[in-house]
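In what follows, a structure is listed as structure tokens, so that the remarks can point back to it.
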Number of protein chains: 2
Amino acid sequence: MAQIVENISKIVTLTPQEQALFLSKTETKNYKAKTIILNAGEVCKHSYFVNSGLLRSFTINDNIVEHVLSFACEGWWIGDMYSLLSQKPGNLFVEVMEDSEVVLLSKENQEKLYTEIPKLERFFRILTENSLVANQERLMDNLSLTAEERFEKFCKKYPTLIQKVPQKQIASYIGVTPEFFSKMKARLLKK
Amino acid sequence: MAQIVENISKIVTLTPQEQALFLSKTETKNYKAKTIILNAGEVCKHSYFVNSGLLRSFTINDNIVEHVLSFACEGWWIGDMYSLLSQKPGNLFVEVMEDSEVVLLSKENQEKLYTEIPKLERFFRILTENSLVANQERLMDNLSLTAEERFEKFCKKYPTLIQKVPQKQIASYIGVTPEFFSKMKARLLKK
DNA sequence: ACAAGCACTTAATGTAGGTTAAGAAATTAT
DNA sequence: ATAATTTCTTAACCTACATTAAGTGCTTGT
């Protein structure tokens with residue numbers, strides 16, 4: 001069964017016909033590492049589901065500093081939700097970090113699917129709810145924990161990512177500079 | 001028309017029967033200022049919709065410091081989404097800041113309503129999507145903007161709240177101490 | 001195989017924002 | 001009205017993290 005269908009089936013049950021209909025509205029692409037599949041300033045036209053590989057979304061502020069919003073590895077969704085919903089130019093870049101296979105679901109098809117398969121409305125509601133909960137926790141963590149504590153949480157939550165992601169991007173995700181992250185890591189290793 | 005129904009009608013259209021069904025599953029309560037309607041450590045059983053008044057949700061960390069996650073005034077929803085979804089004890093307090101009229105929708109009724117009125121699935125999907133977008137923006141702002149810039153954004157985004165909310169809680173929302181906030185405000189007034 | 005660029009480290013110095021403490025102003029309760 | 005409590009301000013001092021800079025590995029492309 002297609003991975004994306006399997007992913008959906010963890011939350012709502014689709015008939016074989018519905019599965020086929022769903023898949024017919026998606027498009028699967030392979031990207032080389034370092035490909036930017038969405039640029040800041042562009043309107044986001046798709047939701048992206050990762051079959052294999054690793055992507056990330058990030059912004060770049062005035063001072064040319066990157067800030068990672070999210071990583072997405074196998075089985076995760078990614079995109080620029082603000083831009084996708086509003087259909088206005090967004091602030092996010094979406095970059096392919098390793099050679100990856102990605103399923104694209106266009107906004108129009110996603111909306112058609114909501115009416116053709118109402119269960120998908122539920123699926124995406126739940127997906128978004130979970131995402132919101134995770135985001136709220138991260139926000140509160142940024143307000144109340146030290147960089148060291150945030151890093152520890154990150155390690156527990158995403159153990160596989162630590163192997164794969166360059167550490168300057170983990171630094172960016174938890175909200176410190178690469179230099180400080182390096183120093184902090186050295187400090188932690190001494191313990 | 002009931003405010004909560006009006007709120008829903010901005011996004012999906014309900015028939016009079018559906019409106020009545022919806023309202024029959026809710027309960028409206030009046031709370032005095034300073035009432036805590038949800039404590040950290042409890043399981044959140046309801047979504048709260050504010051008819052009038054003002055509420056907030058916040059955590060308290062080890063050092064007895066409060067961190068405001070959100071404010072909710074007239075027409076806004078609030079609760080502890082993590083706890084509501086997982087039905088596990090949460091970390092959030094929900095406090096009534098002014099005498100308020102609040103509509104309670106229990107988790108069970110909310111889920112019944114999803115099947116009885118599928119359009120509500122869409123309503124809450126869209127509500128959650130918007131919430132997620134706002135949260136993502138706030139997270140990125142916390143990573144990339146100074147306290148001063150975050151405060152300016154807050155003022156533009158929630159002009160009415162500035163009059164109503166004690167400034168130490170605005171400080172908490174943007175992520176600084178009340179003392180630093182005070183200093184920053186004095187600095188801004190000089191310009 | 002080599003050069004060119006990244007990613008990581010280390011260290012000196014700088015700063016936004018935190019802490020502590022004490023008093024003034026504003027609310028709230030009696 | 002007055003006391004009690006909470007909120008806000010100010011100021012001296014402190015620290016987690018940023019900045020700058022220079023050097024050391026790694027990758028990656030050719």
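Residue numbers start at 1 in each chain; chains themselves are named A, B, ... in the order of the structure tokens; ligands are numbered from 1 in the order shown.
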
Spatial neighbours of B:Thr13, max dist 12 Å, only C-alpha atoms (C1' of nucleotides), sep filter under 5 positions, as a list in words: Val5, Glu6, Asn7, Ile8, Glu18, Gln19, Ile117, Pro118, Lys119, Leu120, Arg122 and Phe123 of chain B

- request: Within chain A, find each residue whose DSSP state, derived from the backbone, is strand (DSSP E), and express the selection as a PyMOL selection string.
  value: chain A and resi 26-31+36-38+46-60+66-73+77-78+93-106

Between chain B and chain A, at 7 Å or less, what are the per-residue closest atom pairs and their distances in Å? Count only C-alpha atoms, order by chain and rising residue number, and return it as CSV.
residue,atom,partner,partner_atom,distance
B:Met81,CA,A:Val133,CA,6.4
B:Tyr82,CA,A:Val133,CA,5.5
B:Glu121,CA,A:Arg122,CA,6.1
B:Arg122,CA,A:Glu121,CA,6.1
B:Arg125,CA,A:Arg125,CA,4.4
B:Thr128,CA,A:Glu129,CA,6.2
B:Glu129,CA,A:Thr128,CA,6.3
B:Leu132,CA,A:Leu132,CA,5.2
B:Val133,CA,A:Tyr82,CA,5.5
B:Asn135,CA,A:Asn135,CA,6.8
B:Gln136,CA,A:Asn135,CA,7.0
B:Leu139,CA,A:Leu139,CA,5.7
B:Leu143,CA,A:Gly175,CA,5.7
B:Gly175,CA,A:Leu143,CA,5.7

C-alpha atoms of the current selection, written as a short mmCIF file (atom, residue, chain, number, x, y, z; two decimals), in the first residue's frame:
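The result, stored in part.cif:
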data_model
loop_
_atom_site.label_atom_id
_atom_site.label_comp_id
_atom_site.auth_asym_id
_atom_site.auth_seq_id
_atom_site.Cartn_x
_atom_site.Cartn_y
_atom_site.Cartn_z
CA MET B 81 -5.73 21.27 23.50
CA TYR B 82 -3.09 18.76 24.51
CA GLU B 121 -15.48 18.81 11.22
CA ARG B 122 -14.64 21.40 8.60
CA ARG B 125 -10.36 21.98 10.98
CA THR B 128 -7.28 24.75 14.14
CA GLU B 129 -5.46 25.57 10.91
CA LEU B 132 -1.56 26.72 13.93
CA VAL B 133 -0.54 29.43 11.49
CA ASN B 135 1.31 29.82 16.54
CA GLN B 136 3.97 29.15 13.95
CA LEU B 139 7.26 30.81 17.38
CA LEU B 143 13.31 32.99 17.50
CA GLY B 175 8.48 36.29 26.79
#

- prompt: For chain C against chain B, which residues fall within 10 Å using only C-alpha atoms (C1' of nucleotides), given as a PyMOL selection string?
  reply: chain C and resi 16-19

task: Define the interface residues of chain B facing chain D as those within 10 Å, counting only C-alpha atoms (C1' of nucleotides), and report them as a list in words.
output: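 So the contacting residues turn out to be Pro166, Gln167, Lys168, Pro178, Glu179, Ser182, Lys183 and Ala186 of chain B.
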
Near-A:Glu74 list (6 Å; only C-alpha atoms (C1' of nucleotides); drop same-chain fewer than 5 positions) as a PyMOL selection string: chain A and resi 50-52

Members of stretch 136-188 of chain B assigned alpha helix (DSSP H) by DSSP, as a PyMOL selection string: chain B and resi 136-144+147-157+159-164+167-174+178-188

What would the file look like if the residues just selected were written as a short mmCIF file (atom, residue, chain, number, x, y, z; two decimals), in the first residue's frame with N, CA and C atoms?
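selection-v2.cif written:
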data_model
loop_
_atom_site.label_atom_id
_atom_site.label_comp_id
_atom_site.auth_asym_id
_atom_site.auth_seq_id
_atom_site.Cartn_x
_atom_site.Cartn_y
_atom_site.Cartn_z
N GLN B 136 2.70 29.28 14.67
CA GLN B 136 3.97 29.15 13.95
C GLN B 136 4.61 30.52 13.81
N GLU B 137 3.79 31.51 13.51
CA GLU B 137 4.34 32.86 13.36
C GLU B 137 4.90 33.35 14.69
N ARG B 138 4.18 33.09 15.76
CA ARG B 138 4.64 33.54 17.08
C ARG B 138 5.95 32.84 17.44
N LEU B 139 6.03 31.57 17.11
CA LEU B 139 7.26 30.81 17.38
C LEU B 139 8.44 31.40 16.63
N MET B 140 8.25 31.66 15.35
CA MET B 140 9.34 32.22 14.56
C MET B 140 9.69 33.62 15.05
N ASP B 141 8.71 34.38 15.46
CA ASP B 141 8.98 35.71 16.01
C ASP B 141 9.83 35.60 17.27
N ASN B 142 9.53 34.61 18.09
CA ASN B 142 10.32 34.44 19.31
C ASN B 142 11.75 34.06 19.00
N LEU B 143 11.96 33.38 17.88
CA LEU B 143 13.31 32.99 17.50
C LEU B 143 14.07 34.13 16.83
N SER B 144 13.37 35.02 16.17
CA SER B 144 14.10 35.96 15.31
C SER B 144 13.93 37.44 15.67
N ALA B 147 12.65 41.58 21.88
CA ALA B 147 11.47 41.79 22.72
C ALA B 147 10.69 43.02 22.27
N GLU B 148 11.43 44.06 21.91
CA GLU B 148 10.80 45.30 21.46
C GLU B 148 9.96 45.07 20.21
N GLU B 149 10.52 44.33 19.27
CA GLU B 149 9.78 44.05 18.03
C GLU B 149 8.56 43.19 18.29
N ARG B 150 8.70 42.23 19.19
CA ARG B 150 7.56 41.38 19.51
C ARG B 150 6.45 42.18 20.16
N PHE B 151 6.86 43.13 21.00
CA PHE B 151 5.86 43.98 21.65
C PHE B 151 5.13 44.83 20.62
N GLU B 152 5.87 45.40 19.68
CA GLU B 152 5.22 46.20 18.63
C GLU B 152 4.22 45.38 17.83
N LYS B 153 4.60 44.16 17.52
CA LYS B 153 3.69 43.29 16.78
C LYS B 153 2.44 42.99 17.60
N PHE B 154 2.67 42.74 18.88
CA PHE B 154 1.54 42.45 19.78
C PHE B 154 0.56 43.62 19.79
N CYS B 155 1.10 44.84 19.88
CA CYS B 155 0.26 46.03 19.92
C CYS B 155 -0.60 46.16 18.66
N LYS B 156 0.04 45.89 17.52
CA LYS B 156 -0.71 45.99 16.25
C LYS B 156 -1.77 44.90 16.15
N LYS B 157 -1.40 43.72 16.64
CA LYS B 157 -2.28 42.57 16.44
C LYS B 157 -3.44 42.56 17.43
N PRO B 159 -4.73 45.31 19.64
CA PRO B 159 -4.80 46.65 20.24
C PRO B 159 -5.76 46.71 21.43
N THR B 160 -6.84 45.98 21.36
CA THR B 160 -7.82 46.06 22.45
C THR B 160 -7.29 45.43 23.74
N LEU B 161 -6.46 44.41 23.60
CA LEU B 161 -5.97 43.72 24.79
C LEU B 161 -5.08 44.60 25.64
N ILE B 162 -4.36 45.52 24.98
CA ILE B 162 -3.40 46.34 25.72
C ILE B 162 -4.07 47.16 26.80
N GLN B 163 -5.31 47.56 26.55
CA GLN B 163 -6.05 48.32 27.55
C GLN B 163 -6.46 47.42 28.72
N LYS B 164 -6.80 46.18 28.38
CA LYS B 164 -7.48 45.34 29.36
C LYS B 164 -6.55 44.48 30.21
N GLN B 167 0.00 44.62 32.50
CA GLN B 167 1.15 44.58 31.61
C GLN B 167 2.13 43.46 31.92
N LYS B 168 2.12 42.98 33.14
CA LYS B 168 3.00 41.85 33.45
C LYS B 168 2.60 40.60 32.67
N GLN B 169 1.33 40.56 32.28
CA GLN B 169 0.90 39.39 31.52
C GLN B 169 1.20 39.54 30.03
N ILE B 170 1.23 40.76 29.58
CA ILE B 170 1.71 40.99 28.21
C ILE B 170 3.19 40.65 28.15
N ALA B 171 3.92 41.07 29.19
CA ALA B 171 5.34 40.73 29.29
C ALA B 171 5.52 39.22 29.19
N SER B 172 4.72 38.50 29.95
CA SER B 172 4.81 37.04 29.95
C SER B 172 4.50 36.46 28.58
N TYR B 173 3.49 37.01 27.93
CA TYR B 173 3.10 36.53 26.59
C TYR B 173 4.23 36.72 25.58
N ILE B 174 4.86 37.88 25.62
CA ILE B 174 5.94 38.09 24.64
C ILE B 174 7.26 37.49 25.10
N PRO B 178 8.52 41.12 33.86
CA PRO B 178 7.80 42.39 34.05
C PRO B 178 8.77 43.56 34.21
N GLU B 179 9.89 43.34 34.92
CA GLU B 179 10.85 44.41 35.13
C GLU B 179 11.47 44.88 33.82
N PHE B 180 11.86 43.90 33.01
CA PHE B 180 12.45 44.29 31.73
C PHE B 180 11.40 44.96 30.84
N PHE B 181 10.18 44.47 30.90
CA PHE B 181 9.11 45.04 30.08
C PHE B 181 8.92 46.52 30.43
N SER B 182 8.93 46.78 31.72
CA SER B 182 8.73 48.15 32.20
C SER B 182 9.83 49.07 31.68
N LYS B 183 11.05 48.58 31.78
CA LYS B 183 12.19 49.35 31.29
C LYS B 183 12.06 49.61 29.79
N MET B 184 11.71 48.56 29.07
CA MET B 184 11.56 48.65 27.62
C MET B 184 10.47 49.66 27.25
N LYS B 185 9.37 49.63 27.98
CA LYS B 185 8.26 50.54 27.70
C LYS B 185 8.71 51.99 27.89
N ALA B 186 9.42 52.24 28.99
CA ALA B 186 9.92 53.59 29.25
C ALA B 186 10.82 54.05 28.11
N ARG B 187 11.67 53.13 27.63
CA ARG B 187 12.57 53.44 26.52
C ARG B 187 11.77 53.80 25.27
N LEU B 188 10.71 53.02 24.99
CA LEU B 188 9.89 53.26 23.81
C LEU B 188 9.16 54.60 23.89
#

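If you look at atom CA of B:Gln3 and atom CA of B:Ile37, they are 20.7 Å away from each other.
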
message: What's around A:Ile78 at 7 Å? Count only C-alpha atoms (C1' of nucleotides), leave out sequence neighbours fewer than 3 positions away in its own chain, and write the answer as JSON, numbers by chain.
response: {"A": [47, 48, 49, 72]}

With C-alpha atoms retained, write the just-selected residues as a compact mmCIF listing (two decimals), in the first residue's frame.
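Saved the output as out37.txt:
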# COMPACT_ATOMS: atom_id res chain seq x y z
CA SER A 47 1.12 20.03 0.80
CA TYR A 48 4.18 17.79 0.79
CA PHE A 49 4.30 14.28 2.22
CA ALA A 72 10.15 16.34 7.98

Write out as a JSON list (two decimals) with N, CA and C atoms, in the first residue's frame which residues come within 10 Å of B:Glu108 when counting only C-alpha atoms (C1' of nucleotides), dropping same-chain ones fewer than 6 positions away.
[["chain", "number", "residue", "atom", "x", "y", "z"],
["B", 25, "LYS", "N", -26.17, 21.02, 22.80],
["B", 25, "LYS", "CA", -25.04, 20.24, 23.33],
["B", 25, "LYS", "C", -24.05, 21.13, 24.08],
["B", 45, "LYS", "N", -11.81, 18.79, 29.93],
["B", 45, "LYS", "CA", -13.02, 18.10, 29.43],
["B", 45, "LYS", "C", -13.79, 18.93, 28.42],
["B", 46, "HIS", "N", -13.46, 20.21, 28.30],
["B", 46, "HIS", "CA", -14.26, 21.09, 27.45],
["B", 46, "HIS", "C", -13.41, 21.99, 26.57],
["B", 114, "TYR", "N", -19.44, 16.00, 15.52],
["B", 114, "TYR", "CA", -18.69, 15.75, 14.29],
["B", 114, "TYR", "C", -19.45, 14.77, 13.40]]

message: Report, in Å with one decimal, the straight-line distance from atom CA of B:Glu27 to atom CA of B:Leu113.
response: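 It comes out at 14.3 Å.
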
message: Between atom CA of B:Ile4 and atom CA of B:Trp76, what is the distance in Å, rounded to a tenth?
response: 9.3 Å

message: When you count only C-alpha atoms, which of these residues is closest to B:Asn30: B:Leu54, B:Cys44, B:Asp99, B:Lys88?
response: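 Answer, going by the shortest atom-to-atom distance: B:Asp99.
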